[in-house]
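A.B. asks: Structure incoming, see below.
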Amino acid sequence: MSEAPDWTRLPDLACRAAGGSVVWANDELFAERENLIRKPEPEYRTYTFGHKGQVYDGWETRRRREQGEDRAVVRLGLPGVIRGVVVDTAFFKGNYPPFASVEATAAKGYPGPDELTDWETVVPRSPLGGDRKHYFEVSAERRYTHVRLTIYPDGGVARLRVFGRPVVDPDLIVADALDLAASENGAAVTGCSDMFYGSPANLIAPGQATVMGEGWETARRRDDGNDWVEVELAAPGVIRLAELDTSHFKGNAPGWASVRGRNASTGAEFDVLPRTRLQPDTRHRFRIDQDAEATHARLDIYPDGGMARLRLFGGLTPNGLRVITQRYQHFS
């Protein structure tokens with residue numbers, strides 16, 4: 001196809017910039033799986049050799065010497081209805097896979113890649129050529145959270161684009177949408193257990209982290225404890241939605257995390273999010289069902305590791321609105 005179809009104007013649901021992640025691949029000996037969802041178009045630099053050979057801007061597996069195929073699983077940054085898929089073999093000329101297929105599934109919560117089931121074929125096994133974009137229209141009318149690319153039998157793919165319409169989970173829509181933990185709203189870190197690799201202030205910085213170094217990361221623990229950060233909220237409020245983002249942390253994300261709230265005026269402490277399993281390189285969002293006023297929040301990670309961002313969305317209490325107003329007036 002010489003001209004890109006209209007559906008390529010839709011959002012790329014899998015793109016790293018949208019929060020997508022390649023959560024698993026059975027092989028990536030020659031080129032890393034993460035390249036599949038990079039936003040920039042693939043590049044090629046002549047005679048750029050590493051210790052495994054020519055460095056490719058894509059995902060490339062070793063040459064198979066037995067029957068089988070290679071696979072990569074992508075968690076969509078924007079779950080939604082898929083309208084079309086692009087399998088781009090740019091610069092793979094003598095090492096592209098001759099065939100590929102794409103499956104998709106819809107999962108609740110944040111399962112590990114080995115826990116995903118009920119895969120549905122959205123692109124049947126189709127022939128590929130080298131160094132070109134392949135456009136596949138998808139007709140399935142349902143919301144998906146993950147896709148699985150299979151190449152037959154091996155080779156390299158530069159990019160996987162999954163175009164469609166995002167469909168948000170209504171359980172994650174809250175009326176009170178102020179980020180109480182954002183530094184731009186006045187929140188501040190008041191304590192932490194460790195900041196060997198990255199400042200905890202990064203957790204509440206504006207925008208999404210673009211690399212691992214823009215998050216908070218602790219040293220490796222060699223004891224039975226765990227690491228933590230405490231945040232003074234922008235103003236007293238009720239937390240309705242917690243976002244724990246481990247984007248870019250792949251081999252060093254915490255295994256679990258919890259959030260506790262505290263009201264400095266009354267001394268009351270309470271669970272916001274009980275100890276919950278986390279996935280690497282994932283933007284986790286949790287609906288919070290409690291009405292207690294919080295002035296501070298403590299994030300505990302178990303046992304150690306790194307996180308990109310902490311967001312605590314909610315609404316100001318009357319007391320919180322008064323604090324925000326007085327602060328503004330004082331500095332105006």
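Each chain in the structure tokens gets a letter, A, B and so on, in the order shown; residues start at 1 in every chain, and ligands are counted from 1 in the order they appear.
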Determine, using only C-alpha atoms, which residues of region 38-120 of chain A have any atom at most 9 Å from an atom of region 159-174 of chain A, and tabulate each with its shortest atom pair and distance in Å to one decimal place, rows ordered by chain and then rising number, as a tab-separated table.

C.D. replies:
residue	atom	partner	partner_atom	distance
A:Arg38	CA	A:Arg159	CA	7.3
A:Lys39	CA	A:Arg159	CA	8.8
A:Glu41	CA	A:Arg159	CA	8.1
A:Pro42	CA	A:Arg159	CA	7.3
A:Asp57	CA	A:Arg159	CA	8.6
A:Gly58	CA	A:Arg159	CA	6.3
A:Trp59	CA	A:Arg159	CA	7.8
A:Leu76	CA	A:Val162	CA	8.5
A:Leu78	CA	A:Pro166	CA	5.6
A:Pro79	CA	A:Pro166	CA	5.6
A:Gly80	CA	A:Pro166	CA	4.1
A:Val81	CA	A:Arg165	CA	5.3
A:Ile82	CA	A:Gly164	CA	4.3
A:Arg83	CA	A:Gly164	CA	4.8
A:Gly84	CA	A:Phe163	CA	5.3
A:Val85	CA	A:Val162	CA	4.7
A:Val86	CA	A:Arg161	CA	4.9
A:Val87	CA	A:Leu160	CA	5.0
A:Asp88	CA	A:Arg159	CA	5.1
A:Thr89	CA	A:Arg159	CA	7.1
A:Ala90	CA	A:Arg159	CA	8.0

A.B. asks: Using only C-alpha atoms, tabulate the residues of region 126-208 of chain A lying at most 12 Å from any atom of region 16-30 of chain A, each with its closest atom pair and that distance in Å to one decimal, by chain and increasing residue number, as JSON lines.

C.D. replies:
{"residue": "A:Thr145", "atom": "CA", "partner": "A:Gly20", "partner_atom": "CA", "distance": 10.0}
{"residue": "A:His146", "atom": "CA", "partner": "A:Gly20", "partner_atom": "CA", "distance": 9.4}
{"residue": "A:Val147", "atom": "CA", "partner": "A:Val22", "partner_atom": "CA", "distance": 9.5}
{"residue": "A:Arg148", "atom": "CA", "partner": "A:Trp24", "partner_atom": "CA", "distance": 9.4}
{"residue": "A:Leu149", "atom": "CA", "partner": "A:Ala25", "partner_atom": "CA", "distance": 9.3}
{"residue": "A:Thr150", "atom": "CA", "partner": "A:Ala25", "partner_atom": "CA", "distance": 9.8}
{"residue": "A:Ile151", "atom": "CA", "partner": "A:Asn26", "partner_atom": "CA", "distance": 11.2}
{"residue": "A:Pro153", "atom": "CA", "partner": "A:Asp27", "partner_atom": "CA", "distance": 11.9}
{"residue": "A:Asp154", "atom": "CA", "partner": "A:Asp27", "partner_atom": "CA", "distance": 9.3}
{"residue": "A:Gly155", "atom": "CA", "partner": "A:Phe30", "partner_atom": "CA", "distance": 9.3}
{"residue": "A:Gly156", "atom": "CA", "partner": "A:Phe30", "partner_atom": "CA", "distance": 8.7}
{"residue": "A:Val157", "atom": "CA", "partner": "A:Glu28", "partner_atom": "CA", "distance": 11.0}
{"residue": "A:Arg159", "atom": "CA", "partner": "A:Arg16", "partner_atom": "CA", "distance": 11.3}
{"residue": "A:Leu160", "atom": "CA", "partner": "A:Val22", "partner_atom": "CA", "distance": 10.4}
{"residue": "A:Arg161", "atom": "CA", "partner": "A:Arg16", "partner_atom": "CA", "distance": 10.5}
{"residue": "A:Val162", "atom": "CA", "partner": "A:Gly20", "partner_atom": "CA", "distance": 10.4}
{"residue": "A:Phe163", "atom": "CA", "partner": "A:Ala18", "partner_atom": "CA", "distance": 11.8}
{"residue": "A:Pro166", "atom": "CA", "partner": "A:Ala18", "partner_atom": "CA", "distance": 10.7}
{"residue": "A:Gly207", "atom": "CA", "partner": "A:Ala17", "partner_atom": "CA", "distance": 11.3}
{"residue": "A:Gln208", "atom": "CA", "partner": "A:Ala17", "partner_atom": "CA", "distance": 8.7}

A.B. asks: Store the residues of this selection in a file with C-alpha atoms, as a PDB file, in the first residue's frame.

C.D. replies:
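This is the output file selection-v3.pdb:
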ATOM      1  CA  THR A 145      -5.534  -3.928  26.831  1.00  0.00           C
ATOM      2  CA  HIS A 146      -2.691  -6.050  25.343  1.00  0.00           C
ATOM      3  CA  VAL A 147      -1.503  -7.250  21.942  1.00  0.00           C
ATOM      4  CA  ARG A 148       0.817 -10.116  21.014  1.00  0.00           C
ATOM      5  CA  LEU A 149       2.974  -9.990  17.892  1.00  0.00           C
ATOM      6  CA  THR A 150       4.102 -13.352  16.506  1.00  0.00           C
ATOM      7  CA  ILE A 151       6.745 -13.583  13.794  1.00  0.00           C
ATOM      8  CA  PRO A 153       9.894 -18.140  12.309  1.00  0.00           C
ATOM      9  CA  ASP A 154      12.309 -15.386  13.481  1.00  0.00           C
ATOM     10  CA  GLY A 155      13.885 -12.103  12.368  1.00  0.00           C
ATOM     11  CA  GLY A 156      13.494  -8.387  12.940  1.00  0.00           C
ATOM     12  CA  VAL A 157      10.640  -5.882  13.148  1.00  0.00           C
ATOM     13  CA  ARG A 159       8.077  -0.874  14.868  1.00  0.00           C
ATOM     14  CA  LEU A 160       4.637  -2.126  15.855  1.00  0.00           C
ATOM     15  CA  ARG A 161       1.934   0.548  15.668  1.00  0.00           C
ATOM     16  CA  VAL A 162      -1.545  -0.138  17.066  1.00  0.00           C
ATOM     17  CA  PHE A 163      -3.945   2.584  15.977  1.00  0.00           C
ATOM     18  CA  PRO A 166      -9.004   4.875  23.490  1.00  0.00           C
ATOM     19  CA  GLY A 207       4.604  15.440  33.294  1.00  0.00           C
ATOM     20  CA  GLN A 208       5.542  11.846  32.591  1.00  0.00           C
TER      21      GLN A 208
END

A.B. asks: For the structure I just gave you, how does DSSP split region 42-217 of chain A - specifically, which residues are strand (DSSP E or B)? Reply as a PyMOL selection string.

C.D. replies: chain A and resi 49-50+53-54+59-60+70-88+99-105+120-127+133-137+143-152+156-157+159-166+178-179+188-192+198+216-217

A.B. asks: Excluding Gly251 (chain A) and residues on its chain fewer than 3 positions from it, collect all residues at most 12 Å away from it, counting only C-alpha atoms, and give them as a PyMOL selection string.

C.D. replies: chain A and resi 23+212+217+220+246-248+254-255+279-281+304-307
